[in-house]
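> Just final.cif, nothing more (mmCIF, C-alpha atoms):
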data_start
loop_
_atom_site.label_atom_id
_atom_site.label_comp_id
_atom_site.auth_asym_id
_atom_site.auth_seq_id
_atom_site.Cartn_x
_atom_site.Cartn_y
_atom_site.Cartn_z
CA MET A 103 -4.92 -15.27 7.91
CA ASN A 104 -5.00 -12.51 5.30
CA TYR A 105 -7.73 -9.91 5.83
CA LEU A 106 -8.66 -7.28 3.25
CA PHE A 107 -10.67 -4.14 4.14
CA PHE A 108 -12.23 -1.64 1.74
CA THR A 109 -12.30 1.99 2.91
CA ASN A 110 -14.26 4.04 0.38
CA THR A 111 -14.95 7.03 2.64
CA PRO A 112 -13.40 8.59 5.76
CA ALA A 113 -16.10 6.96 7.91
CA HIS A 114 -14.92 3.52 6.77
CA VAL A 115 -11.41 4.26 8.03
CA HIS A 116 -12.76 5.00 11.49
CA LEU A 117 -15.03 1.96 11.36
CA TYR A 118 -12.21 -0.51 10.80
CA LYS A 119 -9.07 1.17 12.18
CA HIS A 120 -9.08 -0.43 15.65
CA ALA A 121 -10.00 -3.89 14.35
CA ILE A 122 -7.17 -3.70 11.82
CA ARG A 123 -4.68 -2.85 14.55
CA GLU A 124 -5.95 -5.68 16.76
CA LEU A 125 -5.74 -8.24 13.96
CA ARG A 126 -2.19 -7.16 13.10
CA GLU A 127 -1.18 -7.42 16.76
CA ARG A 128 -2.46 -10.99 16.71
CA GLY A 129 -0.09 -11.78 13.85
CA HIS A 130 -2.49 -11.63 10.90
CA GLU A 131 -1.71 -9.96 7.58
CA VAL A 132 -4.02 -7.03 6.86
CA ARG A 133 -4.33 -4.83 3.78
CA ILE A 134 -6.61 -1.90 3.03
CA LEU A 135 -7.86 -0.97 -0.43
CA ALA A 136 -8.73 2.72 -0.27
CA ARG A 137 -10.62 5.09 -2.49
CA GLU A 138 -9.09 8.55 -2.47
CA TYR A 139 -12.19 10.51 -1.54
CA THR A 140 -12.12 13.70 0.55
CA CYS A 141 -9.82 12.90 3.54
CA THR A 142 -9.81 9.07 3.38
CA VAL A 143 -6.10 8.78 2.55
CA GLU A 144 -5.18 11.53 5.03
CA LEU A 145 -6.75 9.48 7.81
CA LEU A 146 -5.01 6.27 6.73
CA GLU A 147 -1.70 8.10 6.83
CA TRP A 148 -2.47 9.65 10.23
CA TYR A 149 -3.25 6.23 11.74
CA ASP A 150 -0.31 4.57 9.96
CA LEU A 151 -2.45 1.83 8.41
CA PRO A 152 -1.29 -0.40 5.53
CA TYR A 153 -3.15 0.65 2.40
CA GLU A 154 -3.12 0.83 -1.37
CA VAL A 155 -5.27 3.20 -3.41
CA TYR A 156 -7.49 1.55 -5.99
CA GLY A 157 -8.96 4.80 -7.33
CA SER A 158 -10.15 8.30 -6.62
CA CYS A 159 -13.21 10.45 -7.15
CA GLY A 160 -14.58 13.87 -6.32
CA THR A 161 -17.75 14.76 -4.48
CA SER A 162 -19.98 14.82 -7.58
CA LYS A 163 -22.09 11.85 -8.69
CA GLY A 164 -20.61 11.93 -12.20
CA SER A 165 -17.06 11.74 -10.83
CA LEU A 166 -17.73 8.34 -9.28
CA LEU A 167 -19.81 6.81 -12.08
CA SER A 168 -17.30 7.66 -14.80
CA ARG A 169 -14.48 5.94 -12.93
CA LEU A 170 -16.20 2.74 -11.80
CA PRO A 171 -14.66 0.44 -14.45
CA VAL A 172 -11.12 1.57 -13.61
CA HIS A 173 -11.83 1.31 -9.88
CA TYR A 174 -13.06 -2.26 -10.20
CA ALA A 175 -10.19 -3.36 -12.41
CA ARG A 176 -7.52 -2.03 -10.07
CA ALA A 177 -9.26 -3.21 -6.89
CA ILE A 178 -9.55 -6.75 -8.23
CA ARG A 179 -5.92 -6.77 -9.39
CA LEU A 180 -4.63 -5.53 -6.02
CA ALA A 181 -6.84 -7.92 -4.09
CA ARG A 182 -5.74 -10.91 -6.17
CA ARG A 183 -2.10 -10.00 -5.47
CA PHE A 184 -2.78 -9.94 -1.71
CA ASP A 185 -4.77 -13.21 -1.82
CA PRO A 186 -7.15 -12.53 1.12
CA ASP A 187 -8.89 -15.20 3.18
CA LEU A 188 -11.72 -12.81 4.12
CA ILE A 189 -12.88 -9.43 2.82
CA PHE A 190 -14.67 -6.65 4.74
CA GLY A 191 -16.55 -3.78 3.14
CA MET A 192 -19.84 -1.93 2.86
CA GLY A 193 -21.03 -2.48 -0.70
CA GLY A 194 -20.36 -3.48 -4.27
CA TYR A 195 -16.57 -3.10 -4.41
CA ALA A 196 -16.01 -5.59 -1.59
CA ALA A 197 -18.81 -7.96 -2.57
CA HIS A 198 -17.89 -8.21 -6.25
CA THR A 199 -14.17 -8.48 -5.57
CA GLY A 200 -14.90 -11.32 -3.20
CA ALA A 201 -17.12 -13.05 -5.74
CA LEU A 202 -14.50 -12.88 -8.50
CA LEU A 203 -11.72 -14.09 -6.18
CA ARG A 204 -14.04 -16.69 -4.61
CA THR A 205 -13.24 -15.17 -1.22
CA PRO A 206 -15.92 -14.88 1.50
CA THR A 207 -17.04 -11.33 2.20
CA VAL A 208 -18.50 -9.58 5.25
CA LEU A 209 -20.62 -6.51 4.52
CA LEU A 210 -21.31 -4.04 7.32
CA ILE A 211 -24.24 -1.80 6.38
CA ASP A 212 -25.53 0.82 8.79
CA SER A 213 -28.65 2.27 7.17
CA GLU A 214 -31.47 1.48 4.79
CA PRO A 215 -29.90 2.94 1.61
CA ALA A 216 -30.96 2.69 -2.01
CA SER A 217 -32.22 -0.78 -2.86
CA PHE A 218 -29.98 -0.96 -5.92
CA ASP A 219 -26.80 -1.16 -3.85
CA HIS A 220 -28.24 -3.92 -1.66
CA THR A 221 -29.44 -5.82 -4.70
CA ILE A 222 -26.03 -5.91 -6.37
CA SER A 223 -23.93 -6.55 -3.25
CA THR A 224 -25.64 -8.56 -0.49
CA PRO A 225 -26.21 -11.78 -2.50
CA PHE A 226 -22.43 -12.18 -2.73
CA ALA A 227 -21.74 -11.85 1.01
CA ARG A 228 -21.18 -14.64 3.49
CA VAL A 229 -22.74 -12.44 6.17
CA VAL A 230 -24.33 -8.99 6.29
CA LEU A 231 -24.05 -7.14 9.61
CA THR A 232 -26.28 -4.20 10.53
CA PRO A 233 -27.28 -2.31 13.67
CA ASN A 234 -30.29 -3.71 15.52
CA THR A 235 -32.28 -0.60 14.53
CA PHE A 236 -32.10 -1.72 10.88
CA ARG A 237 -35.59 -2.30 9.48
CA LYS A 238 -34.94 -3.97 6.14
CA ASP A 239 -34.60 -7.76 5.88
CA LEU A 240 -31.53 -8.60 3.77
CA GLY A 241 -31.97 -12.37 3.81
CA ASP A 242 -30.95 -15.43 5.79
CA HIS A 243 -27.36 -14.22 6.13
CA HIS A 244 -28.41 -10.93 7.76
CA TYR A 245 -27.25 -10.53 11.38
CA VAL A 246 -27.52 -7.59 13.76
CA PHE A 247 -25.48 -6.16 16.64
CA ALA A 248 -26.60 -3.87 19.45
CA GLY A 249 -25.68 -0.29 18.66
CA VAL A 250 -24.58 1.75 15.66
CA LYS A 251 -21.52 1.47 13.43
CA GLU A 252 -19.87 4.36 15.30
CA CYS A 253 -19.59 1.99 18.29
CA ALA A 254 -16.47 0.67 16.53
CA TYR A 255 -14.54 3.84 17.35
CA LEU A 256 -16.51 6.04 19.76
CA HIS A 257 -17.68 3.45 22.27
CA PRO A 258 -16.35 4.42 25.73
CA ASP A 259 -14.37 1.16 25.87
CA ILE A 260 -12.24 2.41 23.01
CA TYR A 261 -12.40 6.23 22.89
CA GLU A 262 -11.65 9.02 25.34
CA PRO A 263 -12.05 12.67 24.24
CA ASN A 264 -9.07 15.00 24.40
CA PRO A 265 -10.18 18.47 25.60
CA ALA A 266 -6.71 19.84 24.77
CA VAL A 267 -8.01 20.20 21.22
CA ARG A 268 -9.33 23.60 22.31
CA ASP A 269 -5.75 24.86 22.28
CA ARG A 270 -5.38 23.79 18.65
CA LEU A 271 -8.56 25.69 17.84
CA GLY A 272 -7.35 28.77 19.69
CA LEU A 273 -10.36 28.72 22.00
CA ASP A 274 -10.56 29.45 25.72
CA ALA A 275 -11.38 26.60 28.09
CA ASP A 276 -14.91 27.91 28.67
CA GLU A 277 -15.57 29.39 25.21
CA PRO A 278 -18.71 27.85 23.68
CA TYR A 279 -18.59 26.80 20.05
CA ALA A 280 -20.91 25.11 17.58
CA ILE A 281 -20.22 23.13 14.41
CA LEU A 282 -22.11 23.40 11.13
CA ARG A 283 -21.48 20.25 9.04
CA LEU A 284 -22.51 20.31 5.37
CA ASN A 285 -22.77 17.33 3.03
CA ALA A 286 -21.72 17.33 -0.62
CA PHE A 287 -24.67 15.07 -1.63
CA GLY A 288 -22.47 13.48 -4.28
CA SER A 289 -23.20 9.77 -3.76
CA GLN A 290 -25.57 7.68 -5.85
CA HIS A 291 -27.94 7.26 -2.91
CA ASP A 292 -28.17 11.08 -2.65
CA VAL A 293 -29.86 11.45 -6.05
CA GLY A 294 -32.84 13.74 -5.61
CA LYS A 295 -31.87 14.58 -2.01
CA SER A 296 -30.80 17.91 -0.57
CA GLY A 297 -29.68 19.58 2.61
CA ILE A 298 -29.10 23.08 3.96
CA THR A 299 -28.98 25.61 1.09
CA GLY A 300 -26.80 28.68 0.69
CA THR A 301 -29.35 31.21 1.99
CA ASP A 302 -30.31 29.02 4.90
CA ARG A 303 -26.64 28.41 5.72
CA ARG A 304 -26.16 32.14 6.20
CA ARG A 305 -29.20 32.44 8.48
CA ILE A 306 -28.13 29.44 10.59
CA ILE A 307 -24.56 30.70 10.95
CA GLU A 308 -25.80 34.13 12.06
CA ARG A 309 -28.09 32.56 14.67
CA LEU A 310 -25.39 30.22 16.01
CA ALA A 311 -22.94 33.12 16.26
CA GLU A 312 -25.23 34.92 18.70
CA ASP A 313 -24.26 32.41 21.40
CA ALA A 314 -21.13 30.58 20.20
CA THR A 315 -18.07 30.58 18.00
CA VAL A 316 -19.04 28.89 14.73
CA LEU A 317 -16.89 26.31 12.94
CA VAL A 318 -17.97 25.18 9.47
CA SER A 319 -17.04 21.76 8.05
CA ASP A 320 -18.13 21.70 4.40
CA GLU A 321 -17.54 18.42 2.54
CA GLY A 322 -18.18 20.00 -0.85
CA GLY A 323 -16.11 23.12 -0.14
CA THR A 324 -18.74 25.42 -1.65
CA THR A 325 -19.66 27.61 1.33
CA ASN A 326 -18.45 31.21 1.09
CA LEU A 327 -17.83 32.45 4.63
CA GLU A 328 -16.76 35.94 3.62
CA GLY A 329 -18.58 38.47 5.76
CA LEU A 330 -20.07 35.77 7.99
CA PRO A 331 -19.32 35.32 11.73
CA ALA A 332 -17.79 31.85 11.22
CA ARG A 333 -14.55 30.17 10.28
CA PRO A 334 -13.77 26.88 8.57
CA PHE A 335 -12.77 23.82 10.52
CA ASP A 336 -9.12 23.65 9.49
CA LEU A 337 -7.53 21.09 11.81
CA HIS A 338 -6.53 17.62 10.64
CA PRO A 339 -9.70 15.56 10.10
CA ALA A 340 -8.46 12.95 12.58
CA LEU A 341 -9.07 15.52 15.33
CA LEU A 342 -12.70 16.12 14.40
CA HIS A 343 -14.13 13.75 17.02
CA ASP A 344 -12.23 15.52 19.80
CA VAL A 345 -13.57 18.83 18.50
CA LEU A 346 -17.10 17.42 18.28
CA ALA A 347 -16.92 16.10 21.85
CA GLU A 348 -16.22 19.62 23.19
CA ALA A 349 -18.85 21.39 21.08
CA GLU A 350 -22.03 22.89 22.50
CA LEU A 351 -24.03 21.87 19.44
CA LEU A 352 -23.81 20.24 16.01
CA VAL A 353 -26.06 21.33 13.15
CA ALA A 354 -25.74 19.07 10.11
CA ASP A 355 -27.37 17.94 6.89
CA THR A 356 -25.18 14.85 6.75
CA GLN A 357 -25.63 11.57 8.62
CA THR A 358 -22.50 10.10 10.22
CA MET A 359 -21.47 13.13 12.27
CA VAL A 360 -24.94 13.31 13.82
CA THR A 361 -24.59 9.76 15.11
CA GLU A 362 -21.06 10.54 16.28
CA ALA A 363 -22.37 13.52 18.22
CA ALA A 364 -24.93 11.28 19.93
CA MET A 365 -22.16 8.86 20.90
CA LEU A 366 -20.18 11.74 22.40
CA GLY A 367 -23.06 13.34 24.31
CA THR A 368 -23.14 16.43 22.08
CA PRO A 369 -26.62 17.70 21.12
CA ALA A 370 -27.23 17.51 17.36
CA ILE A 371 -29.81 18.90 14.95
CA ARG A 372 -30.09 17.00 11.67
CA SER A 373 -31.91 18.43 8.67
CA ASN A 374 -32.09 17.06 5.13
CA SER A 375 -34.70 15.63 2.79
CA PHE A 376 -34.26 12.13 4.24
CA VAL A 377 -36.03 13.37 7.38
CA GLY A 378 -39.69 12.40 7.55
CA ASP A 379 -42.03 9.47 7.95
CA ASP A 380 -39.65 7.17 6.05
CA ASP A 381 -36.46 8.17 7.89
CA MET A 382 -33.75 5.67 8.78
CA GLY A 383 -34.10 3.49 11.87
CA ASN A 384 -30.95 4.63 13.64
CA PHE A 385 -31.96 8.31 13.51
CA VAL A 386 -35.49 7.54 14.69
CA GLU A 387 -34.02 5.59 17.61
CA LEU A 388 -31.50 8.30 18.52
CA GLU A 389 -34.30 10.86 18.56
CA ASN A 390 -36.41 8.54 20.72
CA GLN A 391 -33.49 8.45 23.14
CA GLY A 392 -33.46 12.27 23.27
CA LEU A 393 -29.97 12.51 21.78
CA ILE A 394 -30.70 14.22 18.44
CA ARG A 395 -33.45 16.20 16.71
CA ASN A 396 -34.51 15.47 13.13
CA VAL A 397 -36.13 18.46 11.41
CA SER A 398 -37.02 19.21 7.81
CA SER A 399 -36.61 22.99 7.45
CA ALA A 400 -34.22 25.81 8.25
CA ASP A 401 -36.88 27.56 10.34
CA GLU A 402 -37.13 24.46 12.54
CA ILE A 403 -33.34 24.40 12.86
CA ARG A 404 -33.30 27.95 14.18
CA THR A 405 -36.08 27.14 16.64
CA GLU A 406 -34.13 24.12 17.92
CA ILE A 407 -30.96 26.18 18.26
CA ASP A 408 -32.84 28.39 20.70
CA THR A 409 -33.49 25.28 22.82
CA TYR A 410 -29.86 24.23 23.06
CA LEU A 411 -27.54 27.23 23.04
CA GLY A 412 -27.25 29.32 26.15
CA THR A 413 -28.66 26.57 28.40
CA ASP A 414 -26.89 24.11 30.70
CA ILE A 415 -27.64 20.69 29.22
CA ASP A 416 -24.28 18.90 29.54
CA GLU A 417 -25.31 16.60 32.38
CA THR A 418 -28.64 15.72 30.79
CA TRP A 419 -27.05 14.77 27.48
CA CYS A 420 -24.26 12.75 29.08
CA THR A 421 -26.83 10.80 31.11
CA ARG A 422 -28.88 10.05 27.99
CA ARG A 423 -25.72 9.06 26.12
CA ASP A 424 -24.62 6.72 28.92
CA GLU A 425 -28.04 5.08 29.06
CA PHE A 426 -27.98 4.49 25.31
CA LEU A 427 -24.43 3.14 25.27
CA ALA A 428 -25.12 0.77 28.17
CA GLU A 429 -27.17 -1.33 25.73
CA THR A 430 -24.57 -1.36 22.94
CA VAL A 431 -21.50 -3.43 22.08
CA ASN A 432 -17.94 -2.42 21.30
CA LEU A 433 -18.24 -3.06 17.56
CA THR A 434 -14.47 -3.39 17.14
CA ASP A 435 -14.61 -6.54 19.29
CA VAL A 436 -17.43 -7.86 17.12
CA ILE A 437 -15.50 -7.23 13.89
CA VAL A 438 -12.43 -9.01 15.27
CA ASP A 439 -14.57 -11.94 16.41
CA VAL A 440 -16.22 -12.18 12.99
CA ALA A 441 -12.79 -12.16 11.36
CA THR A 442 -11.42 -14.93 13.56
CA VAL A 443 -14.37 -17.22 12.76
CA ASP A 444 -13.98 -16.51 9.04
CA GLY A 445 -17.41 -14.93 8.83
CA HIS A 446 -19.28 -17.94 10.26
CA VAL A 447 -21.14 -15.98 12.92
CA ASP A 448 -23.79 -18.43 14.16
CA GLY A 449 -21.83 -19.20 17.34
CA LEU A 450 -21.08 -15.60 18.31
CA GLU A 451 -22.84 -14.16 21.35
CA SER A 452 -22.55 -10.57 20.09
CA VAL A 453 -24.76 -10.93 17.01
CA ARG A 454 -28.24 -12.27 16.34
CA GLN A 455 -29.95 -13.21 13.10
CA PHE A 456 -32.27 -10.50 11.82
CA GLY A 457 -35.80 -11.20 13.03
CA ASN A 458 -34.58 -13.09 16.10
CA HIS A 459 -33.39 -10.06 18.03
CA ARG A 460 -35.12 -7.86 20.56
CA ARG A 461 -34.99 -4.08 20.41
CA GLN A 462 -37.14 -1.05 21.07
CA GLU A 463 -39.49 -0.34 18.18
CA PRO A 464 -38.95 3.01 16.44
CA ALA A 465 -41.75 5.52 16.71
CA SER A 466 -42.29 5.60 12.95
CA SER A 467 -41.51 3.66 9.81
CA VAL A 468 -38.17 3.93 8.10
CA GLY A 469 -37.08 3.78 4.50
CA VAL A 470 -34.06 4.70 2.46
CA GLY A 471 -31.09 6.97 2.85
CA SER A 472 -27.40 6.90 3.68
CA ASP A 473 -24.30 9.02 4.13
#
The structure given in the file should be rewritten as structure tokens.

Amino acid sequence: MNYLFFTNTPAHVHLYKHAIRELRERGHEVRILAREYTCTVELLEWYDLPYEVYGSCGTSKGSLLSRLPVHYARAIRLARRFDPDLIFGMGGYAAHTGALLRTPTVLLIDSEPASFDHTISTPFARVVLTPNTFRKDLGDHHYVFAGVKECAYLHPDIYEPNPAVRDRLGLDADEPYAILRLNAFGSQHDVGKSGITGTDRRRIIERLAEDATVLVSDEGGTTNLEGLPARPFDLHPALLHDVLAEAELLVADTQTMVTEAAMLGTPAIRSNSFVGDDDMGNFVELENQGLIRNVSSADEIRTEIDTYLGTDIDETWCTRRDEFLAETVNLTDVIVDVATVDGHVDGLESVRQFGNHRRQEPASSVGVGSD
């Protein structure tokens, strides 16, 4: 079989990397179509995965929109040359390429993002897979799995942290450190949304530095750290999960790294304008489990920092993490199973049709938003 995967962001590389390796080991042909966005290609090179670049864009909304026609044309041309039997992706590129090539497509969507993207992509998919916390019905071909998309690469069946990363950071074995992760807010679903601003960034860094070494990971590259008690995260991005696993705390206005922190047993504070009564189901559930805190202001962030730093919470968080993960699947196994049945998932034990699954109800309603 020929399997084609779209990786439009770094998170997509992590999502599919283990499944791609497994399928290749089983003798299948696999190709990745990658968008050169932030560190996506760097990760593909690090993991030695077979890819071709169909386009590139920066972190601004205009950068992506202006290049869409060229992206589509090249993606379709490269896909036709590979002649896939099944396509995996997370949105329009995969769905529309599959439709034009008359190739079945599997979409894996992990949040309730802007309705426009769902409208233009999901009708063309053979199956849409989402976490079981997903609250939006995407039709008869919508199936759910137990867990979050990060279970494909941070589930304990497949990932083990490497504490030796402290040496690469130049930190002592017992030196506490915290990570501040900042989003570029450059995607179409981020229109009208915002995160931690420049003034608030300074205040948060100064508070974190009272109890820990501060590492800043800024997707947009706009944070000026001159004169601040912090340094940029400057290791290869493939090492970020090992760094996150050893951290005392993550503060972020992005989405994926907060979920990754929960998977690793690292306390996380998430703050952006998605937070509120209409927040996404996975973040409501992770907060219900006591793994993250969702707050809407910088003052609340600083208050929450006081709760976490300087206290011994490792055992508590690891217990909560283990309890949460005990009810989840290794998503890599699910992806491989879906591939081997050509997207006909009705007979798979690991997925259930949306509406026919059991899960804990979130404490509040959820709406739109994504990474």
> Near Trp148 (chain A), within 12 Å and counting only C-alpha atoms, which residues show up once chain neighbours fewer than 4 positions away are dropped, as JSON, numbers by chain?
{"A": [112, 115, 116, 119, 141, 142, 143, 144, 152, 153, 338, 339, 340, 341]}
> Neighbouring residues of region 357-362 of chain A were defined as those with any atom within 10 Å, considering all atoms listed in the file; residues of the same chain fewer than 5 positions away were excluded. Please report them as a PyMOL selection string.
chain A and resi 113+212-213+250-253+255-257+283-285+342-343+346-347+352+367-374+376+384-385+388+393-396+471-473
> When you draw a straight line from CA of Arg270 (chain A) to CA of Glu308 (chain A), how long is it in Å?
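Pair CA of Arg270 (chain A) / CA of Glu308 (chain A) returns 23.8 Å.
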> Run through the PyMOL selection byres ((chain A and resi 448) around 12) on the given coordinates and return the selected residues as a PyMOL selection string.
chain A and resi 228-229+242-246+439-440+443-447+449-456
> Hey, can you check how far CA of Leu337 (chain A) sits from CA of Glu417 (chain A)?
27.6 Å
> Got a sec to resolve the PyMOL selection byres ((chain A and resi 187-201) around 6) on this structure and send the residues as a list in words?
Asn104, Tyr105, Leu106, Phe107, Phe108, Ile178, Pro186, Leu202, Leu203, Arg204, Thr205, Pro206, Thr207, Val208, Leu209, Leu210, Ile211, Ser223 and Phe226 of chain A
> Which residues, named as in the file, does the PyMOL selection byres ((chain A and resi 420-429) around 7) pick out? Answer as number ranges by chain.
A: 248, 364-365, 367, 391-393, 416-419, 430
> What is the distance between CA of Thr442 (chain A) and CA of Gly129 (chain A), in Å to one decimal?
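Value for the CA of Thr442 (chain A)-CA of Gly129 (chain A) distance: 11.8 Å.
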> With distances taken over all atoms listed in the file, which of A:Glu124, A:Glu214, A:Asp150, A:Asp219 is nearest to Met382 (chain A)?
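Of all the options, A:Glu214 lies closest to Met382 (chain A).
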> Can you work out which one of A:Arg333, A:Arg179, A:Arg268, A:Arg237 has the shortest atom-to-atom distance to Glu387 (chain A), counting only C-alpha atoms?
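Ranked by minimum distance to Glu387 (chain A), first place goes to A:Arg237.
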> Excluding same-chain residues fewer than 5 positions from Ala177 (chain A), what lies within 9 Å of it counting all atoms listed in the file, as a list in words?
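So, after excluding close chain neighbours, the residues are Leu135, Ala136, Val155, Tyr156, Gly157, Val172, Arg182, Tyr195, Ala196 and Thr199 of chain A.
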> Store the residues of this selection in a file with C-alpha atoms, as a compact mmCIF listing (two decimals), in the coordinates of the input.

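Output saved as out.txt:
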# COMPACT_ATOMS: atom_id res chain seq x y z
CA LEU A 135 -7.86 -0.97 -0.43
CA ALA A 136 -8.73 2.72 -0.27
CA VAL A 155 -5.27 3.20 -3.41
CA TYR A 156 -7.49 1.55 -5.99
CA GLY A 157 -8.96 4.80 -7.33
CA VAL A 172 -11.12 1.57 -13.61
CA ARG A 182 -5.74 -10.91 -6.17
CA TYR A 195 -16.57 -3.10 -4.41
CA ALA A 196 -16.01 -5.59 -1.59
CA THR A 199 -14.17 -8.48 -5.57
